[in-house]
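Pasted below: target.csv, CSV, C-alpha atoms and all ligand atoms.
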```
chain,number,residue,atom,x,y,z
A,1,MET,CA,189.1,135.6,100.2
A,2,TRP,CA,185.7,135.4,98.6
A,3,THR,CA,186.4,135.5,94.9
A,4,ALA,CA,184.2,136.3,91.9
A,5,THR,CA,185.6,135.3,88.5
A,6,LEU,CA,183.5,137.0,85.8
A,7,PHE,CA,183.4,136.3,82.1
A,8,THR,CA,182.3,139.2,79.8
A,9,LEU,CA,182.7,140.8,76.4
A,10,LEU,CA,182.7,144.2,78.1
A,11,PRO,CA,185.5,144.0,80.7
A,12,GLU,CA,185.7,147.8,80.9
A,13,MET,CA,182.3,147.8,82.6
A,14,PHE,CA,184.0,146.5,85.8
A,15,PRO,CA,184.3,147.1,88.6
A,16,GLY,CA,182.0,150.1,87.7
A,17,PRO,CA,179.5,150.5,90.5
A,18,LEU,CA,181.0,147.6,92.4
A,19,GLY,CA,184.1,149.9,93.0
A,20,GLN,CA,181.9,152.3,95.0
A,21,SER,CA,180.5,152.3,98.5
A,22,LEU,CA,180.2,149.1,100.5
A,23,SER,CA,181.4,146.7,97.8
A,24,GLY,CA,184.2,149.1,96.7
A,25,GLU,CA,185.4,149.4,100.3
A,26,GLY,CA,185.3,145.6,100.5
A,27,LEU,CA,187.5,145.3,97.5
A,28,ARG,CA,190.0,147.7,98.9
A,29,GLN,CA,190.0,145.9,102.2
A,30,LYS,CA,190.5,142.6,100.4
A,31,ILE,CA,187.4,141.1,101.9
A,32,TRP,CA,186.6,140.0,98.3
A,33,GLU,CA,188.2,140.0,95.0
A,34,LEU,CA,186.9,140.5,91.4
A,35,GLN,CA,188.7,138.8,88.5
A,36,ILE,CA,187.6,139.8,85.1
A,37,GLU,CA,188.1,137.6,82.0
A,38,ASP,CA,187.6,139.1,78.6
A,39,ILE,CA,185.9,136.3,76.5
A,40,ARG,CA,187.2,138.0,73.4
A,41,ASN,CA,190.8,137.0,74.3
A,42,HIS,CA,189.7,133.6,73.0
A,43,GLY,CA,187.9,134.9,69.9
A,44,LEU,CA,188.7,133.4,66.5
A,45,GLY,CA,190.7,134.8,63.7
A,46,ARG,CA,192.0,138.3,62.9
A,47,HIS,CA,188.8,139.8,64.2
A,48,ARG,CA,188.6,137.7,67.3
A,49,ALA,CA,185.1,136.6,66.5
A,50,VAL,CA,183.1,135.4,69.5
A,51,ASP,CA,179.6,135.0,68.0
A,52,ASP,CA,177.9,133.6,65.0
A,53,THR,CA,174.4,133.4,63.4
A,54,PRO,CA,171.8,131.1,65.1
A,55,ALA,CA,171.5,127.6,63.7
A,56,GLY,CA,168.0,127.3,62.1
A,57,GLY,CA,167.9,131.0,61.3
A,58,GLY,CA,166.4,133.9,63.2
A,59,PRO,CA,167.6,137.3,64.3
A,60,GLY,CA,170.7,138.2,66.2
A,61,MET,CA,173.9,136.4,67.1
A,62,VAL,CA,174.9,133.7,69.5
A,63,ILE,CA,178.1,133.4,71.6
A,64,ARG,CA,180.0,130.3,70.3
A,65,ALA,CA,180.5,127.3,72.5
A,66,ASP,CA,184.1,126.8,71.5
A,67,VAL,CA,185.1,130.4,72.3
A,68,LEU,CA,183.3,130.5,75.7
A,69,SER,CA,184.6,127.1,76.8
A,70,ALA,CA,188.1,128.2,75.9
A,71,SER,CA,187.8,131.3,78.0
A,72,LEU,CA,186.3,129.3,81.0
A,73,ASP,CA,188.9,126.5,80.7
A,74,SER,CA,191.8,129.0,80.6
A,75,VAL,CA,191.2,130.0,84.2
A,76,LEU,CA,188.9,127.4,85.9
A,77,ASP,CA,189.8,123.9,86.7
A,78,ALA,CA,187.4,121.1,87.3
A,79,ALA,CA,188.1,121.1,91.0
A,80,ASP,CA,187.0,124.7,91.5
A,81,PRO,CA,184.2,124.5,94.1
A,82,ARG,CA,182.5,127.7,93.1
A,83,PRO,CA,179.1,127.6,91.5
A,84,ARG,CA,179.1,128.6,87.8
A,85,LEU,CA,176.3,131.0,87.1
A,86,LEU,CA,175.1,132.1,83.7
A,87,MET,CA,173.1,135.3,83.8
A,88,SER,CA,169.9,134.5,81.8
A,89,PRO,CA,166.3,135.6,81.7
A,90,ARG,CA,165.5,131.9,81.5
A,91,GLY,CA,167.1,131.2,84.8
A,92,ARG,CA,165.8,130.7,88.3
A,93,PRO,CA,164.8,134.1,89.8
A,94,LEU,CA,167.4,135.4,92.2
A,95,SER,CA,166.3,135.4,95.8
A,96,GLN,CA,167.7,136.7,99.1
A,97,ALA,CA,167.9,133.1,100.3
A,98,GLN,CA,170.0,132.1,97.4
A,99,VAL,CA,172.2,135.2,97.8
A,100,LYS,CA,172.8,134.3,101.4
A,101,THR,CA,173.9,130.8,100.5
A,102,TRP,CA,176.4,132.0,97.9
A,103,ALA,CA,177.7,134.7,100.3
A,104,GLN,CA,178.6,131.9,102.7
A,105,GLY,CA,180.4,129.9,100.1
A,106,PRO,CA,183.9,130.4,98.5
A,107,GLY,CA,182.8,132.8,95.8
A,108,LEU,CA,181.2,132.6,92.3
A,109,CYS,CA,182.0,132.2,88.6
A,110,ILE,CA,179.7,134.3,86.6
A,111,ILE,CA,179.2,134.3,82.8
A,112,CYS,CA,177.6,137.3,81.2
A,113,GLY,CA,175.7,136.7,78.0
A,114,ARG,CA,175.3,139.2,75.2
A,115,PHE,CA,173.4,139.2,71.9
A,116,GLU,CA,170.8,136.4,71.8
A,117,GLY,CA,172.7,134.4,74.5
A,118,VAL,CA,175.1,131.5,74.4
A,119,ASP,CA,175.2,128.2,72.5
A,120,GLU,CA,173.0,125.8,74.5
A,121,ARG,CA,175.7,123.0,74.4
A,122,VAL,CA,178.2,124.9,76.6
A,123,ILE,CA,175.7,125.5,79.4
A,124,ALA,CA,175.4,121.8,80.3
A,125,ALA,CA,178.9,120.8,79.4
A,126,ARG,CA,180.4,123.3,81.8
A,127,GLY,CA,177.8,122.9,84.5
A,128,MET,CA,176.3,126.3,84.4
A,129,GLN,CA,173.3,127.3,86.5
A,130,GLU,CA,171.1,129.9,84.9
A,131,VAL,CA,170.1,132.8,87.1
A,132,SER,CA,167.6,135.6,86.3
A,133,ILE,CA,167.2,139.0,88.0
A,134,GLY,CA,163.6,139.4,86.9
A,135,ASP,CA,161.1,139.0,84.1
A,136,TYR,CA,162.4,141.6,81.7
A,137,ILE,CA,165.2,141.6,79.1
A,138,LEU,CA,168.4,143.5,79.5
A,139,SER,CA,171.0,143.8,76.7
A,140,GLY,CA,173.7,141.8,78.5
A,141,GLY,CA,174.5,139.9,81.7
A,142,GLU,CA,176.8,142.5,83.1
A,143,ILE,CA,174.2,144.6,85.0
A,144,PRO,CA,172.5,141.4,86.3
A,145,ALA,CA,176.0,140.2,87.4
A,146,MET,CA,176.6,143.5,89.2
A,147,ALA,CA,173.2,143.3,91.0
A,148,LEU,CA,173.9,139.7,92.1
A,149,LEU,CA,177.4,140.5,93.3
A,150,ASP,CA,176.3,143.6,95.1
A,151,ALA,CA,173.7,141.5,96.9
A,152,CYS,CA,176.2,138.8,97.9
A,153,VAL,CA,179.2,141.1,98.8
A,154,ARG,CA,177.2,143.3,101.3
A,155,LEU,CA,176.6,140.1,103.3
A,156,LEU,CA,180.3,139.2,103.6
A,157,PRO,CA,181.6,139.6,107.2
A,158,GLY,CA,183.1,143.0,107.6
A,159,VAL,CA,181.5,144.7,104.6
A,160,MET,CA,178.4,146.1,106.3
A,161,GLY,CA,179.0,148.3,109.3
A,162,LYS,CA,176.2,147.0,111.4
A,163,SER,CA,175.6,143.4,110.4
A,164,ALA,CA,172.4,143.4,112.5
A,165,SER,CA,170.7,145.6,109.9
A,166,ALA,CA,170.9,142.6,107.5
A,167,LEU,CA,168.7,140.6,109.7
A,168,GLU,CA,165.8,143.1,109.7
A,169,GLU,CA,165.5,143.7,106.0
A,170,SER,CA,162.9,143.0,103.5
A,171,PHE,CA,162.6,139.3,102.5
A,172,GLU,CA,164.0,138.1,105.8
A,173,ASN,CA,161.1,135.9,107.0
A,174,ASN,CA,159.3,136.6,103.8
A,175,ARG,CA,158.1,140.0,105.0
A,176,LEU,CA,158.7,143.4,103.5
A,177,GLU,CA,160.4,145.9,105.8
A,178,TYR,CA,158.4,148.2,108.1
A,179,PRO,CA,158.4,152.0,107.3
A,180,GLN,CA,161.4,154.0,108.5
A,181,PHE,CA,161.6,157.5,109.8
A,182,THR,CA,164.3,159.9,111.0
A,183,ARG,CA,164.6,163.6,111.9
A,184,PRO,CA,163.0,166.1,111.8
A,185,ARG,CA,160.3,165.0,114.2
A,186,GLU,CA,157.8,167.0,112.2
A,187,TRP,CA,158.0,167.5,108.4
A,188,GLU,CA,155.5,169.4,106.3
A,189,GLY,CA,152.9,168.8,108.9
A,190,HIS,CA,153.6,165.1,109.2
A,191,ALA,CA,154.8,163.7,112.5
A,192,ILE,CA,156.8,160.6,113.1
A,193,PRO,CA,154.4,157.9,114.6
A,194,GLU,CA,154.3,158.5,118.3
A,195,ILE,CA,155.1,155.0,119.3
A,196,LEU,CA,158.6,155.2,117.7
A,197,LEU,CA,159.5,158.0,120.1
A,198,SER,CA,158.2,156.2,123.2
A,199,GLY,CA,161.4,154.4,124.0
A,200,ASP,CA,159.3,151.2,124.6
A,201,HIS,CA,161.3,148.7,122.6
A,202,ALA,CA,158.9,145.8,123.0
A,203,LYS,CA,156.0,147.9,121.8
A,204,ILE,CA,158.1,149.3,118.9
A,205,ALA,CA,159.0,145.8,117.8
A,206,LYS,CA,155.3,144.7,117.9
A,207,TRP,CA,154.3,147.8,115.9
A,208,ARG,CA,157.0,147.2,113.3
A,209,GLN,CA,155.9,143.5,113.0
A,210,ALA,CA,152.3,144.5,112.4
A,211,GLN,CA,153.4,147.2,109.8
A,212,SER,CA,155.5,144.6,108.0
A,213,LEU,CA,152.6,142.2,107.8
A,214,GLU,CA,150.2,144.9,106.5
A,215,LEU,CA,152.6,146.1,103.8
A,216,THR,CA,153.3,142.5,102.7
A,217,LYS,CA,149.6,141.8,102.5
A,218,ALA,CA,149.0,144.9,100.4
A,219,ARG,CA,152.0,144.7,98.1
A,220,ARG,CA,153.3,141.2,98.0
A,221,PRO,CA,150.7,138.7,99.1
A,222,ASP,CA,152.7,136.0,97.3
A,223,LEU,CA,155.3,136.2,100.0
A,224,LEU,CA,152.8,135.3,102.7
A,225,ASP,CA,152.2,131.9,101.1
A,226,LYS,CA,155.9,131.1,101.8
A,227,GLY,CA,155.4,131.4,105.5
A,228,ASP,CA,157.3,133.5,108.0
A,229,GLY,CA,160.4,131.3,108.1
A,230,GLN,CA,159.6,130.4,111.8
A,231,THR,CA,157.4,127.5,111.2
B,301,LIG,N1,167.3,136.0,73.6
B,301,LIG,C1,167.4,135.9,75.1
B,301,LIG,C2,167.7,137.2,75.7
B,301,LIG,C3,169.1,137.7,75.5
B,301,LIG,S1,169.5,139.1,76.4
B,301,LIG,C4,166.1,135.4,75.6
B,301,LIG,O1,165.0,135.7,75.0
B,301,LIG,O2,166.1,134.6,76.6
B,301,LIG,C5,171.2,139.1,76.3
B,301,LIG,C6,171.9,138.6,77.6
B,301,LIG,O3,171.6,139.5,78.7
B,301,LIG,C7,171.5,137.2,78.1
B,301,LIG,O4,172.3,136.3,77.5
B,301,LIG,C8,171.8,137.4,79.6
B,301,LIG,O5,173.1,137.1,79.9
B,301,LIG,C9,171.5,138.8,79.9
B,301,LIG,N2,170.2,139.1,80.5
B,301,LIG,C10,169.1,139.7,79.9
B,301,LIG,N3,168.1,139.8,80.7
B,301,LIG,C11,168.4,139.2,81.8
B,301,LIG,C12,167.7,138.9,83.1
B,301,LIG,N4,166.5,139.3,83.3
B,301,LIG,N5,168.4,138.3,84.0
B,301,LIG,C13,169.7,137.8,83.9
B,301,LIG,N6,170.4,138.1,82.7
B,301,LIG,C14,169.8,138.7,81.7
```
As structure tokens - that is how I would like this structure written.
Amino acid sequence: MWTATLFTLLPEMFPGPLGQSLSGEGLRQKIWELQIEDIRNHGLGRHRAVDDTPAGGGPGMVIRADVLSASLDSVLDAADPRPRLLMSPRGRPLSQAQVKTWAQGPGLCIICGRFEGVDERVIAARGMQEVSIGDYILSGGEIPAMALLDACVRLLPGVMGKSASALEESFENNRLEYPQFTRPREWEGHAIPEILLSGDHAKIAKWRQAQSLELTKARRPDLLDKGDGQT
């Protein structure tokens, strides 16, 4: 079973939205499993302290290396083949290509930061790979971890009803998806493009391809530089 082991200071946030819809159904059907580790179980002293002030001064608090490593080491052994991800705005931006690779693997270990982040020493010593969900700052790694897990889990075999729909989505071939329409045929004076009602599948496919290209040119020209994945 595809297993995610997640380290957090806010275990009550999980499964949260991951318990709903596709990912929730996947949990109930045992297509994947979510193990939650409360980092605070390894906190120090009567107050179970997990953080301390930054060396060198400055605002905020930093998660201690000894506390985080104790939490990791209590459940992970060195032979665990799963990538260890640290959610972090300094990380490599998450991409659909990366999500696909992880969905095909055995699962993930995910560490959620809080406060100013984690002591730098534990990142390298425990082989963590930093991953960002975008160029903005959230208050913790939990929501980024949920976004990442949702993206991976929907690709697991059996989670999405029609697995073909995964092949036509935005970012496949570095193109944004073509516009979608459904009933009613006419709405507030706007008709569905005639070609989509023609039943000519070759023509429809061509039209969609052209629309995808136009949208990508207008909104995300940066994707075009990456090619269409077919060359
Ligand atoms: N001081 C840090 C930000 C800390 S935000 C800095 O400037 O880089 C607190 C935690 O939220 C981080 O440790 C990380 O786990 C999470 N986080 C915040 N923004 C994120 C993002 N864009 N992607 C992934 N994780 C993020």
Correct to one decimal, the distance CA of Ile31 in chain A-CA of Ser95 in chain A is 22.7 Å
Please, which residues have at least one atom within 12 Å of an atom of ligand LIG 301 (chain B), using only C-alpha atoms and all ligand atoms, listed as a ChimeraX atom specification? /A:6-9,54,58-63,85-94,110-120,123,129-148
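Minimum atom-to-atom distance to Ser23 in chain A, evaluated using all atoms listed in the file, belongs to A:Cys152 out of A:Val50, A:Val122, A:Cys152, A:Leu10.
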I want to know what sits within 9 Å of Glu33 in chain A, based on all atoms listed in the file, with residues of the same chain fewer than 3 positions away left out; could you give that as a PyMOL selection string? chain A and resi 1-5+26-28+30
Please measure the separation of CA of Met160 in chain A and CA of Leu22 in chain A, giving the value in Å to one decimal.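 Interatomic distance here is 6.8 Å.
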Among the residues A:Val99, A:Cys109, A:Ile36, A:Ala55, the one that comes closest to Leu76 in chain A [using only C-alpha atoms]: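 Smallest distance to Leu76 in chain A is found for A:Cys109.
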For a quick check of understanding, using only C-alpha atoms, which of A:Gly19, A:Lys206, A:Ala125, A:His47 has the smallest distance to Asp66 in chain A?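 Residue with the minimum atom-to-atom distance to Asp66 in chain A: A:Ala125.
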Do you have the CA of Pro221 in chain A-CA of Ala205 in chain A distance handy? 21.7 Å
Could you list, with a cut-off of 12 Å and counting all atoms listed in the file, the residues of range 127-158 of chain A near range 165-184 of chain A, each shown with its nearest atom pair and the distance in Å rounded to one decimal, rows sorted by chain and ascending number, as a Markdown table?
```
| residue | atom | partner | partner_atom | distance |
| --- | --- | --- | --- | --- |
| A:Ala151 | CA | A:Ala166 | CA | 11.0 |
| A:Cys152 | CA | A:Ala166 | CA | 11.6 |
| A:Arg154 | CA | A:Ala166 | CA | 8.9 |
| A:Leu155 | CA | A:Ala166 | CA | 7.5 |
| A:Leu156 | CA | A:Ala166 | CA | 10.7 |
| A:Pro157 | CA | A:Ala166 | CA | 11.1 |
```
For Thr101 in chain A, which residue out of A:Met13, A:Ile204, A:Leu224, A:Val153 is the nearest one, using only C-alpha atoms? A:Val153
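Residues lying within 10 Å of Pro83 in chain A, counting only C-alpha atoms and ignoring same-chain neighbours fewer than 6 positions away, are Trp102, Gly105, Pro106, Gly107, Leu108, Cys109, Ile110, Gly127, Met128 and Gln129 of chain A.
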Considering only C-alpha atoms, return as number ranges by chain whatever protein or nucleic-acid residues lie within 6 Å of range 67-72 of chain A, sequence-local ones (same chain, fewer than 5 positions apart) excluded. A: 39, 42-43
